[in-house]
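**Student:** Pasting a structure below so you can have a look.
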Amino acid sequence: MTVLTTVSGTVLRAKGEHNLGRSCPYSGTRGQSVNVDPTVGQHARESTWDRLVGTDTLWYCPGAGCPVVYFDDTHEQLWGVADLRTTVGVKTRLDPVPVCYCRRVTRGQIAFELFEQGCCTSVRDIKEFTLANTGELCHVTNPSGRCCGAHLKHVVEDLVSSRDSAALQDSLAEEALACAACVRGADEDAVPGQS
């Protein structure tokens with residue numbers, strides 16, 4: 001068992017040892033690079049900001065339920081869920097669970113539209129009624145620094161499977177998800193005059 005300590009002094013006990021670098025030192029989940037400015041600085045508690053000085057990039061752990069959110073290559077600096085001002089949606093099941101940070105859409109709102117209102121039968125409908133996955137500041141508002149599209153689809157699929165609705169599951173299988181900024185960014189990567 002490995003003992004880890006977060007930047008605020010919280011002690012975590014990992015089940016095994018993980019290689020330095022991209023793998024989360026707690027869960028072993030492959031990390032995703034995230035910029036300290038603006039993403040991590042936006043979500044880290046002010047009391048931990050001094051630990052960000054001189055750091056450009058950290059790793060984000062997308063592991064569901066893992067208490068580690070950000071870590072460095074050496075695993076000496078870890079930000080756990082308690083070290084952030086923001087609730088990380090993939091790390092909790094307690095309401096309200098954020099799904100779309102730009103539009104402040106929660107898992108509960110999505111469930112309400114699907115099951116109480118009955119107006120939504122697809123991710124596309126959820127996007128229309130809640131405005132989830134339509135923001136353009138994912139790199140700042142989302143602790144992962146990424147678009148919420150894949151997470152939104154996962155949440156809707158999870159909710160639908162919990163209600164065992166085959167019709168809704170089928171309609172979800174074909175939908176592509178990307179926020180407006182991600183789509184525009186993909187278009188901007190194209191070389192002008194070439195297709």
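To be explicit about the labels: the chains of the structure tokens are called A, B, and onward in the order shown, and within each one the residues are counted from 1, while ligands get numbers from 1 in the order they are shown.
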Considering only C-alpha atoms, give me a table of residues in region 143-168 of chain A that are at most 10 Å from region 43-64 of chain A, with the closest atom pair and distance in Å for each, as JSON lines.
**Tutor:**
{"residue": "A:Pro143", "atom": "CA", "partner": "A:His43", "partner_atom": "CA", "distance": 6.4}
{"residue": "A:Ser144", "atom": "CA", "partner": "A:Tyr60", "partner_atom": "CA", "distance": 6.1}
{"residue": "A:Gly145", "atom": "CA", "partner": "A:Tyr60", "partner_atom": "CA", "distance": 8.7}
**Student:** Write out as a ChimeraX atom specification the set of residues from chain A that DSSP, computed on the backbone, places in helix (DSSP H, G or I).
**Tutor:** /A:36-43,46-52,81-83,89-91,107-117,123-130,138-141,149-163,166-172,180-189
**Student:** Counting only C-alpha atoms, which of A:Phe129, A:Tyr70, A:Tyr26, A:Tyr101 gets nearest to Asp83 (chain A)?
**Tutor:**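 Nearest candidate to Asp83 (chain A) out of A:Phe129, A:Tyr70, A:Tyr26, A:Tyr101: A:Tyr70.
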**Student:** So that I can see what lies close to Asn142 (chain A), please list as a list in words the residues with an atom at most 9 Å from it, counting only C-alpha atoms and leaving out residues fewer than 3 positions away in the same chain.
**Tutor:** Thr39, His43, Thr86, Val88, Val99, Cys100, Tyr101, Cys102, Leu137, Cys138, His139, Gly145, Arg146, Cys147 and Cys148 of chain A
**Student:** Filtering to C-alpha atoms, could you give me those residues as a PDB file, in the first residue's frame?
**Tutor:**
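This went into out-v4.pdb:
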ATOM      1  CA  THR A  39      -7.816  25.616 -15.972  1.00  0.00           C
ATOM      2  CA  HIS A  43     -10.559  25.338  -9.769  1.00  0.00           C
ATOM      3  CA  THR A  86     -15.254  23.049  -7.905  1.00  0.00           C
ATOM      4  CA  VAL A  88     -15.703  17.349 -10.247  1.00  0.00           C
ATOM      5  CA  VAL A  99     -22.081  17.620 -16.234  1.00  0.00           C
ATOM      6  CA  CYS A 100     -21.794  20.811 -18.315  1.00  0.00           C
ATOM      7  CA  TYR A 101     -19.800  23.456 -16.483  1.00  0.00           C
ATOM      8  CA  CYS A 102     -20.302  26.212 -19.079  1.00  0.00           C
ATOM      9  CA  LEU A 137     -15.401  27.999 -22.217  1.00  0.00           C
ATOM     10  CA  CYS A 138     -14.785  24.324 -21.461  1.00  0.00           C
ATOM     11  CA  HIS A 139     -11.015  24.885 -21.206  1.00  0.00           C
ATOM     12  CA  GLY A 145     -10.023  21.442 -19.388  1.00  0.00           C
ATOM     13  CA  ARG A 146     -12.056  19.614 -22.019  1.00  0.00           C
ATOM     14  CA  CYS A 147     -15.441  19.659 -23.712  1.00  0.00           C
ATOM     15  CA  CYS A 148     -18.225  17.942 -21.735  1.00  0.00           C
TER      16      CYS A 148
END
**Student:** When DSSP works through the backbone of this structure, what residues of chain A end up as strand (DSSP E or B), shown as a VMD selection string?
**Tutor:** chain A and resid 2 to 5 11 to 14 23 30 32 to 35 44 57 to 60 68 to 71 78 to 80 84 98 to 100 105 to 106
**Student:** With C-alpha atoms retained, could you export that selection as a PDB file, in the first residue's frame?
**Tutor:**
ATOM      1  CA  THR A   2       1.324   3.425  -0.980  1.00  0.00           C
ATOM      2  CA  VAL A   3       0.695   6.496   1.158  1.00  0.00           C
ATOM      3  CA  LEU A   4       0.101   9.704  -0.812  1.00  0.00           C
ATOM      4  CA  THR A   5      -0.335  13.229   0.513  1.00  0.00           C
ATOM      5  CA  VAL A  11      -3.474  11.457   3.312  1.00  0.00           C
ATOM      6  CA  LEU A  12      -4.603   8.940   0.683  1.00  0.00           C
ATOM      7  CA  ARG A  13      -3.801   5.248   0.748  1.00  0.00           C
ATOM      8  CA  ALA A  14      -3.349   3.815  -2.740  1.00  0.00           C
ATOM      9  CA  SER A  23      -0.607   7.434 -14.596  1.00  0.00           C
ATOM     10  CA  ARG A  30      -3.958   7.338 -17.545  1.00  0.00           C
ATOM     11  CA  GLN A  32      -4.778  13.834 -19.452  1.00  0.00           C
ATOM     12  CA  SER A  33      -2.620  16.947 -19.705  1.00  0.00           C
ATOM     13  CA  VAL A  34      -4.250  20.120 -18.432  1.00  0.00           C
ATOM     14  CA  ASN A  35      -2.962  23.692 -18.422  1.00  0.00           C
ATOM     15  CA  ALA A  44      -7.820  24.988  -7.136  1.00  0.00           C
ATOM     16  CA  THR A  57       1.018  21.680 -17.037  1.00  0.00           C
ATOM     17  CA  LEU A  58      -0.354  19.027 -14.721  1.00  0.00           C
ATOM     18  CA  TRP A  59      -2.155  15.755 -15.344  1.00  0.00           C
ATOM     19  CA  TYR A  60      -5.891  15.364 -14.792  1.00  0.00           C
ATOM     20  CA  VAL A  68      -7.031  12.545  -7.066  1.00  0.00           C
ATOM     21  CA  VAL A  69      -7.895  15.271  -9.574  1.00  0.00           C
ATOM     22  CA  TYR A  70      -4.517  16.732 -10.637  1.00  0.00           C
ATOM     23  CA  PHE A  71      -0.953  15.445 -10.270  1.00  0.00           C
ATOM     24  CA  LEU A  78      -1.380  15.975  -5.869  1.00  0.00           C
ATOM     25  CA  TRP A  79      -4.632  17.921  -5.817  1.00  0.00           C
ATOM     26  CA  GLY A  80      -7.471  15.874  -4.406  1.00  0.00           C
ATOM     27  CA  LEU A  84     -10.639  22.220  -5.359  1.00  0.00           C
ATOM     28  CA  PRO A  98     -22.012  18.803 -12.629  1.00  0.00           C
ATOM     29  CA  VAL A  99     -22.081  17.620 -16.234  1.00  0.00           C
ATOM     30  CA  CYS A 100     -21.794  20.811 -18.315  1.00  0.00           C
ATOM     31  CA  VAL A 105     -26.225  21.633 -16.171  1.00  0.00           C
ATOM     32  CA  THR A 106     -26.344  18.825 -13.605  1.00  0.00           C
TER      33      THR A 106
END
**Student:** For CA of Pro96 (chain A) and CA of His151 (chain A), quote the distance in Å rounded to one decimal.
**Tutor:**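 Interatomic distance, CA of Pro96 (chain A) to CA of His151 (chain A): 15.2 Å.
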**Student:** Using only C-alpha atoms, determine which residues lie at most 12 Å from Leu114 (chain A), disregarding the query and same-chain residues fewer than 6 positions distant; provide the list as a list in words.
**Tutor:**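 Skipping anything fewer than 6 positions along the chain leaves Arg107, Gly108, Cys120, Thr121, Ser122, Val123, Arg124, Asp125, Ile126, Lys127, Phe129, Thr130, Val155, Val156, Glu157, Asp158, Leu159, Val160, Ser161, Ser162, Arg163, Ser165 and Leu168 of chain A.
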**Student:** What does the distance from CA of Thr134 (chain A) to CA of Leu152 (chain A) come to in Å, to one decimal?
**Tutor:**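 For CA of Thr134 (chain A) relative to CA of Leu152 (chain A), the distance reads 11.2 Å.
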**Student:** Would you mind reading off the distance between CA of Glu116 (chain A) and CA of Lys91 (chain A), one decimal, in Å?
**Tutor:**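 Separating CA of Glu116 (chain A) from CA of Lys91 (chain A) is a distance of 25.4 Å.
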**Student:** For Val81 (chain A), which residue among A:Lys153, A:Asp95, A:Gly41, A:Pro67 is the nearest when counting only C-alpha atoms?
**Tutor:**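 Of all the options, A:Pro67 lies closest to Val81 (chain A).
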